[in-house]
file upload-v3.tsv (TSV, C-alpha atoms)
chain	number	residue	atom	x	y	z
F	1	MET	CA	-25.09	-30.17	-39.57
F	2	THR	CA	-27.85	-32.63	-38.74
F	3	GLU	CA	-30.18	-32.54	-35.75
F	4	THR	CA	-28.18	-35.35	-34.16
F	5	ASP	CA	-24.93	-33.42	-34.63
F	6	ILE	CA	-26.47	-30.35	-33.00
F	7	ASP	CA	-27.68	-32.44	-30.07
F	8	ALA	CA	-24.21	-33.95	-29.62
F	9	ALA	CA	-22.62	-30.50	-29.80
F	10	LYS	CA	-25.12	-29.17	-27.25
F	11	ALA	CA	-24.33	-32.05	-24.92
F	12	ALA	CA	-20.62	-31.20	-25.22
F	13	LEU	CA	-21.36	-27.54	-24.51
F	14	HIS	CA	-23.43	-28.41	-21.44
F	15	ARG	CA	-20.61	-30.64	-20.22
F	16	ARG	CA	-18.15	-27.77	-20.59
F	17	GLU	CA	-20.48	-25.42	-18.72
F	18	ARG	CA	-20.85	-27.99	-15.93
F	19	TYR	CA	-17.10	-28.45	-15.62
F	20	GLU	CA	-16.59	-24.70	-15.67
F	21	ARG	CA	-19.06	-24.35	-12.78
F	22	TRP	CA	-17.23	-27.04	-10.80
F	23	PHE	CA	-13.91	-25.35	-11.55
F	24	ASN	CA	-15.15	-21.97	-10.32
F	25	TRP	CA	-16.96	-23.40	-7.31
F	26	SER	CA	-14.00	-25.51	-6.18
F	27	LEU	CA	-11.76	-22.46	-6.24
F	28	GLY	CA	-14.36	-20.14	-4.77
F	29	ILE	CA	-15.42	-22.39	-1.91
F	30	PHE	CA	-12.13	-23.99	-0.86
F	31	VAL	CA	-9.95	-20.89	-1.33
F	32	GLY	CA	-12.64	-18.80	0.38
F	33	LEU	CA	-12.67	-21.30	3.22
F	34	TRP	CA	-8.88	-21.09	3.41
F	35	PHE	CA	-9.08	-17.33	3.83
F	36	VAL	CA	-11.74	-17.63	6.56
F	37	LEU	CA	-9.83	-20.37	8.42
F	38	ILE	CA	-6.44	-18.65	8.37
F	39	THR	CA	-8.06	-15.41	9.50
F	40	ALA	CA	-9.88	-17.22	12.31
F	41	GLY	CA	-6.73	-19.19	13.13
F	42	SER	CA	-4.67	-16.02	13.37
F	43	LEU	CA	-7.23	-14.22	15.52
F	44	LEU	CA	-7.83	-17.19	17.83
F	45	GLU	CA	-4.19	-18.32	17.69
F	46	GLU	CA	-5.45	-21.78	16.79
F	47	SER	CA	-2.96	-23.53	14.55
F	48	LEU	CA	-5.35	-26.39	13.70
F	49	LEU	CA	-7.58	-23.90	11.87
F	50	VAL	CA	-4.61	-22.67	9.85
F	51	TYR	CA	-3.60	-26.24	8.95
F	52	THR	CA	-7.17	-27.10	7.97
F	53	GLY	CA	-7.28	-23.93	5.88
F	54	THR	CA	-4.05	-24.93	4.15
F	55	VAL	CA	-5.53	-28.34	3.30
F	56	SER	CA	-8.68	-26.63	2.04
F	57	PHE	CA	-6.60	-24.32	-0.18
F	58	TYR	CA	-4.72	-27.16	-1.84
F	59	LEU	CA	-7.86	-29.28	-2.10
F	60	GLY	CA	-9.57	-26.47	-4.02
F	61	TYR	CA	-6.64	-26.15	-6.41
F	62	ALA	CA	-6.31	-29.94	-6.75
F	63	ILE	CA	-9.93	-30.18	-7.88
F	64	ALA	CA	-9.57	-27.18	-10.21
F	65	PHE	CA	-6.31	-28.48	-11.73
F	66	GLY	CA	-7.86	-31.93	-12.02
F	67	ILE	CA	-10.70	-30.48	-14.06
F	68	TYR	CA	-8.39	-28.22	-16.12
F	69	PHE	CA	-5.62	-30.70	-16.91
F	70	GLY	CA	-7.20	-34.08	-16.14
F	71	THR	CA	-10.19	-33.89	-18.46
F	72	ASP	CA	-10.54	-33.44	-22.20
F	73	VAL	CA	-12.88	-30.50	-21.63
F	74	ASP	CA	-11.53	-27.07	-22.50
F	75	ILE	CA	-13.38	-24.92	-19.97
F	76	GLU	CA	-12.34	-21.64	-21.60
F	77	ASP	CA	-13.20	-20.62	-25.09
F	78	GLU	CA	-11.29	-18.01	-27.11
F	79	ARG	CA	-13.28	-15.08	-25.72
F	80	ASP	CA	-12.60	-16.17	-22.13
F	81	LYS	CA	-8.89	-16.35	-22.93
F	82	ARG	CA	-8.91	-12.93	-24.58
F	83	ILE	CA	-10.75	-11.44	-21.59
F	84	GLY	CA	-8.04	-12.89	-19.34
F	85	ASN	CA	-5.27	-11.48	-21.52
F	86	GLU	CA	-6.83	-8.04	-21.74
F	87	ALA	CA	-7.49	-7.96	-17.99
F	88	ALA	CA	-3.84	-8.87	-17.35
F	89	GLY	CA	-2.73	-6.11	-19.75
F	90	LEU	CA	-4.97	-3.58	-18.02
F	91	LEU	CA	-3.64	-4.63	-14.63
F	92	MET	CA	-0.05	-4.13	-15.82
F	93	LEU	CA	-1.01	-0.68	-17.10
F	94	VAL	CA	-2.44	0.26	-13.69
F	95	LEU	CA	0.61	-1.11	-11.89
F	96	MET	CA	2.91	0.77	-14.24
F	97	ALA	CA	1.01	4.01	-13.61
F	98	VAL	CA	1.40	3.51	-9.85
F	99	MET	CA	5.08	2.70	-10.32
F	100	LEU	CA	5.68	5.84	-12.38
F	101	LEU	CA	3.69	8.18	-10.16
F	102	VAL	CA	4.68	6.95	-6.70
F	103	TYR	CA	8.20	5.57	-6.55
F	104	PRO	CA	10.49	8.05	-8.40
F	105	PRO	CA	9.12	11.11	-6.56
F	106	GLY	CA	9.05	9.24	-3.24
F	107	ILE	CA	12.68	8.16	-3.53
F	108	ALA	CA	13.76	11.64	-4.68
F	109	LEU	CA	11.99	13.24	-1.71
F	110	GLU	CA	13.72	10.89	0.72
F	111	PHE	CA	17.13	11.59	-0.77
F	112	ALA	CA	16.39	15.33	-0.60
F	113	GLY	CA	15.68	14.87	3.10
F	114	VAL	CA	12.12	16.10	2.75
F	115	THR	CA	10.56	12.91	4.09
F	116	GLU	CA	11.51	9.57	5.54
F	117	LEU	CA	9.88	6.68	3.76
F	118	PRO	CA	8.48	3.75	5.76
F	119	GLY	CA	9.87	0.23	5.31
F	120	LEU	CA	6.62	-0.75	3.59
F	121	PHE	CA	7.44	1.70	0.78
F	122	TRP	CA	10.77	0.00	0.09
F	123	HIS	CA	9.32	-3.50	0.38
F	124	SER	CA	6.58	-2.68	-2.08
F	125	PHE	CA	9.16	-1.00	-4.36
F	126	TYR	CA	11.27	-4.17	-4.47
F	127	ALA	CA	8.11	-6.26	-5.00
F	128	TYR	CA	7.20	-3.99	-7.92
F	129	CYS	CA	10.69	-4.33	-9.39
F	130	ALA	CA	10.50	-8.13	-9.09
F	131	LEU	CA	7.06	-8.12	-10.69
F	132	PHE	CA	8.19	-6.06	-13.68
F	133	LEU	CA	11.31	-8.19	-14.10
F	134	ALA	CA	9.11	-11.30	-14.11
F	135	TYR	CA	6.79	-9.62	-16.61
F	136	GLY	CA	9.76	-8.80	-18.85
F	137	ALA	CA	10.93	-12.41	-18.71
F	138	CYS	CA	7.44	-13.72	-19.54
F	139	HIS	CA	7.12	-11.17	-22.35
F	140	SER	CA	10.45	-12.24	-23.85
F	141	TYR	CA	9.45	-15.90	-23.62
F	142	ILE	CA	6.12	-15.35	-25.36
F	143	GLU	CA	7.70	-13.04	-27.95
F	144	ARG	CA	10.28	-15.71	-28.78
F	145	ARG	CA	7.53	-18.31	-29.18
F	146	ARG	CA	5.65	-16.00	-31.54
F	147	SER	CA	8.65	-14.96	-33.67
J	1	MET	CA	-17.13	-5.95	-36.43
J	2	LYS	CA	-20.39	-5.73	-38.37
J	3	ASN	CA	-21.78	-9.12	-39.15
J	4	ASN	CA	-24.93	-10.92	-40.13
J	5	VAL	CA	-24.64	-13.81	-37.72
J	6	PRO	CA	-28.09	-13.11	-36.19
J	7	GLU	CA	-29.74	-13.20	-39.63
J	8	LEU	CA	-27.94	-16.38	-40.67
J	9	ARG	CA	-28.76	-17.99	-37.34
J	10	ASP	CA	-32.44	-17.09	-37.73
J	11	GLU	CA	-32.45	-18.46	-41.27
J	12	HIS	CA	-31.21	-21.78	-39.93
J	13	GLY	CA	-33.69	-21.71	-37.04
J	14	LEU	CA	-30.98	-21.92	-34.41
J	15	SER	CA	-30.71	-20.43	-30.95
J	16	GLN	CA	-27.49	-18.79	-29.78
J	17	GLY	CA	-26.86	-21.89	-27.68
J	18	ASP	CA	-27.29	-24.16	-30.72
J	19	LEU	CA	-24.83	-22.15	-32.78
J	20	ALA	CA	-22.41	-21.91	-29.86
J	21	ALA	CA	-22.48	-25.67	-29.47
J	22	ALA	CA	-22.01	-26.20	-33.20
J	23	VAL	CA	-18.83	-24.09	-33.36
J	24	ASP	CA	-17.60	-25.09	-29.88
J	25	VAL	CA	-17.72	-21.78	-28.04
J	26	SER	CA	-19.91	-20.44	-25.23
J	27	ARG	CA	-23.31	-18.88	-25.81
J	28	GLN	CA	-21.89	-15.65	-24.41
J	29	THR	CA	-19.30	-15.59	-27.19
J	30	ILE	CA	-21.96	-15.85	-29.90
J	31	ASN	CA	-23.96	-13.16	-28.12
J	32	ALA	CA	-20.90	-10.88	-27.96
J	33	ILE	CA	-20.18	-11.41	-31.68
J	34	GLU	CA	-23.77	-10.62	-32.62
J	35	ARG	CA	-23.68	-7.44	-30.52
J	36	GLU	CA	-20.34	-6.49	-32.15
J	37	ARG	CA	-18.62	-6.50	-28.78
J	38	TYR	CA	-16.18	-9.22	-29.74
J	39	ASP	CA	-14.30	-9.93	-32.96
J	40	PRO	CA	-13.80	-13.67	-33.38
J	41	SER	CA	-10.46	-15.25	-34.18
J	42	LEU	CA	-9.77	-16.32	-37.75
J	43	GLU	CA	-10.32	-19.91	-36.65
J	44	LEU	CA	-13.78	-19.17	-35.28
J	45	ALA	CA	-14.66	-16.99	-38.28
J	46	PHE	CA	-13.80	-19.91	-40.58
J	47	LYS	CA	-15.78	-22.32	-38.39
J	48	LEU	CA	-18.82	-20.06	-38.66
J	49	ALA	CA	-18.35	-19.74	-42.41
J	50	ASP	CA	-18.02	-23.49	-42.71
J	51	PHE	CA	-21.12	-24.03	-40.61
J	52	PHE	CA	-23.22	-21.62	-42.65
J	53	ASP	CA	-21.63	-22.93	-45.84
J	54	CYS	CA	-20.48	-19.52	-47.07
J	55	GLY	CA	-17.35	-17.37	-47.10
J	56	VAL	CA	-16.02	-15.41	-44.13
J	57	SER	CA	-16.61	-12.18	-46.01
J	58	ASP	CA	-20.27	-13.18	-46.44
J	59	ILE	CA	-20.64	-13.07	-42.64
J	60	PHE	CA	-18.25	-10.34	-41.52
J	61	ASP	CA	-17.86	-6.92	-43.04
J	62	PRO	CA	-14.92	-4.89	-41.69
J	63	GLU	CA	-15.83	-2.05	-44.10
J	64	LEU	CA	-18.92	-1.34	-42.06
J	65	ASP	CA	-17.15	-1.47	-38.72
J	66	SER	CA	-18.70	1.12	-36.43
J	67	ASN	CA	-15.71	1.16	-34.00
call {"tool": "encode", "arguments": {"input": "upload-v3.tsv", "output": "structure tokens"}}
result
Amino acid sequence: MTETDIDAAKAALHRRERYERWFNWSLGIFVGLWFVLITAGSLLEESLLVYTGTVSFYLGYAIAFGIYFGTDVDIEDERDKRIGNEAAGLLMLVLMAVMLLVYPPGIALEFAGVTELPGLFWHSFYAYCALFLAYGACHSYIERRRS
Amino acid sequence: MKNNVPELRDEHGLSQGDLAAAVDVSRQTINAIERERYDPSLELAFKLADFFDCGVSDIFDPELDSN
């Protein structure tokens, strides 16, 4: 690789790093602003703040998606992707541990009449079930693509 | 995985950023490979081998893996 090639490659790398910064900042700032505005809107009962927050949320994602899909720059390299995959796997492991440790005993205790579970318990249980069903569907899809 | 990426990089007078740019990954990825915190994909291993004009087994040595 010649000096010129290295310089061109470095320019491409710097471009990727710049786009990655814009991607992260657009999500961080606009989605952060959304959270602040909807919180303020809820507390002050000011719907305009909530609407502005909603616009901010979608603006942040529009910029991020524009960078991700609308440019030829791949802002993640293979290590970034593997980190994302491993983090998702770890999260599923944690969620599964919670599922195993909390729900079966909780439900059994309610049916034994020992305790009465709050509605939140059942809502979160159904959310967990939906999440694991979605995970199963995604897993099957990926497995089929890789087989 | 044990590797001699730092030595090869030094021989070629390159910084981590230069090598990262040459094989189209981030500087952090090269750093993680050198510190044996990250095993590269086959594609990246071949890119590195191609860049240094040697075989993959001349760079990476799974026999000496400390993990």
call {"tool": "closest_residue", "arguments": {"input": "upload-v3.tsv", "among": "J:Glu34, J:Asp39, J:Glu11, J:Asp61", "to": "chain F", "atoms": "only C-alpha atoms"}}
result
J:Asp39
call {"tool": "closest_atom_pairs", "arguments": {"input": "upload-v3.tsv", "of": "chain F", "to": "chain J", "cutoff": "10 Å", "atoms": "only C-alpha atoms", "output": "JSON lines"}}
result
{"residue": "F:Met1", "atom": "CA", "partner": "J:Phe51", "partner_atom": "CA", "distance": 7.4}
{"residue": "F:Asp5", "atom": "CA", "partner": "J:Ala22", "partner_atom": "CA", "distance": 7.9}
{"residue": "F:Ile6", "atom": "CA", "partner": "J:Ala22", "partner_atom": "CA", "distance": 6.1}
{"residue": "F:Asp7", "atom": "CA", "partner": "J:Asp18", "partner_atom": "CA", "distance": 8.3}
{"residue": "F:Ala8", "atom": "CA", "partner": "J:Ala21", "partner_atom": "CA", "distance": 8.5}
{"residue": "F:Ala9", "atom": "CA", "partner": "J:Ala21", "partner_atom": "CA", "distance": 4.8}
{"residue": "F:Lys10", "atom": "CA", "partner": "J:Ala21", "partner_atom": "CA", "distance": 4.9}
{"residue": "F:Ala11", "atom": "CA", "partner": "J:Ala21", "partner_atom": "CA", "distance": 8.1}
{"residue": "F:Ala12", "atom": "CA", "partner": "J:Ala21", "partner_atom": "CA", "distance": 7.2}
{"residue": "F:Leu13", "atom": "CA", "partner": "J:Ala21", "partner_atom": "CA", "distance": 5.4}
{"residue": "F:His14", "atom": "CA", "partner": "J:Ala21", "partner_atom": "CA", "distance": 8.5}
{"residue": "F:Arg16", "atom": "CA", "partner": "J:Ser26", "partner_atom": "CA", "distance": 8.9}
{"residue": "F:Glu17", "atom": "CA", "partner": "J:Ser26", "partner_atom": "CA", "distance": 8.2}
{"residue": "F:Asp74", "atom": "CA", "partner": "J:Asp24", "partner_atom": "CA", "distance": 9.8}
{"residue": "F:Ile75", "atom": "CA", "partner": "J:Ser26", "partner_atom": "CA", "distance": 9.5}
{"residue": "F:Glu76", "atom": "CA", "partner": "J:Val25", "partner_atom": "CA", "distance": 8.4}
{"residue": "F:Asp77", "atom": "CA", "partner": "J:Val25", "partner_atom": "CA", "distance": 5.5}
{"residue": "F:Glu78", "atom": "CA", "partner": "J:Val25", "partner_atom": "CA", "distance": 7.5}
{"residue": "F:Arg79", "atom": "CA", "partner": "J:Thr29", "partner_atom": "CA", "distance": 6.2}
{"residue": "F:Asp80", "atom": "CA", "partner": "J:Thr29", "partner_atom": "CA", "distance": 8.4}
{"residue": "F:Arg82", "atom": "CA", "partner": "J:Tyr38", "partner_atom": "CA", "distance": 9.7}
call {"tool": "atom_distance", "arguments": {"input": "upload-v3.tsv", "atom1": "CA of Phe60 in chain J", "atom2": "CA of Pro6 in chain J"}}
result
11.5 Å
call {"tool": "residues_around", "arguments": {"input": "upload-v3.tsv", "residues": "Tyr19 in chain F", "least_positions_apart": "3", "cutoff": "12 Å", "atoms": "all atoms listed in the file", "output": "JSON list (two decimals) with C-alpha atoms, in the frame of the given file"}}
result
[["chain", "number", "residue", "atom", "x", "y", "z"],
["F", 12, "ALA", "CA", -20.62, -31.20, -25.22],
["F", 13, "LEU", "CA", -21.36, -27.54, -24.51],
["F", 14, "HIS", "CA", -23.43, -28.41, -21.44],
["F", 15, "ARG", "CA", -20.61, -30.64, -20.22],
["F", 16, "ARG", "CA", -18.15, -27.77, -20.59],
["F", 22, "TRP", "CA", -17.23, -27.04, -10.80],
["F", 23, "PHE", "CA", -13.91, -25.35, -11.55],
["F", 24, "ASN", "CA", -15.15, -21.97, -10.32],
["F", 25, "TRP", "CA", -16.96, -23.40, -7.31],
["F", 26, "SER", "CA", -14.00, -25.51, -6.18],
["F", 63, "ILE", "CA", -9.93, -30.18, -7.88],
["F", 64, "ALA", "CA", -9.57, -27.18, -10.21],
["F", 65, "PHE", "CA", -6.31, -28.48, -11.73],
["F", 66, "GLY", "CA", -7.86, -31.93, -12.02],
["F", 67, "ILE", "CA", -10.70, -30.48, -14.06],
["F", 68, "TYR", "CA", -8.39, -28.22, -16.12],
["F", 69, "PHE", "CA", -5.62, -30.70, -16.91],
["F", 70, "GLY", "CA", -7.20, -34.08, -16.14],
["F", 71, "THR", "CA", -10.19, -33.89, -18.46],
["F", 72, "ASP", "CA", -10.54, -33.44, -22.20],
["F", 73, "VAL", "CA", -12.88, -30.50, -21.63],
["F", 74, "ASP", "CA", -11.53, -27.07, -22.50],
["F", 75, "ILE", "CA", -13.38, -24.92, -19.97],
["F", 76, "GLU", "CA", -12.34, -21.64, -21.60]]
call {"tool": "atom_distance", "arguments": {"input": "upload-v3.tsv", "atom1": "CA of Ile142 in chain F", "atom2": "CA of Ala97 in chain F"}}
result
23.2 Å
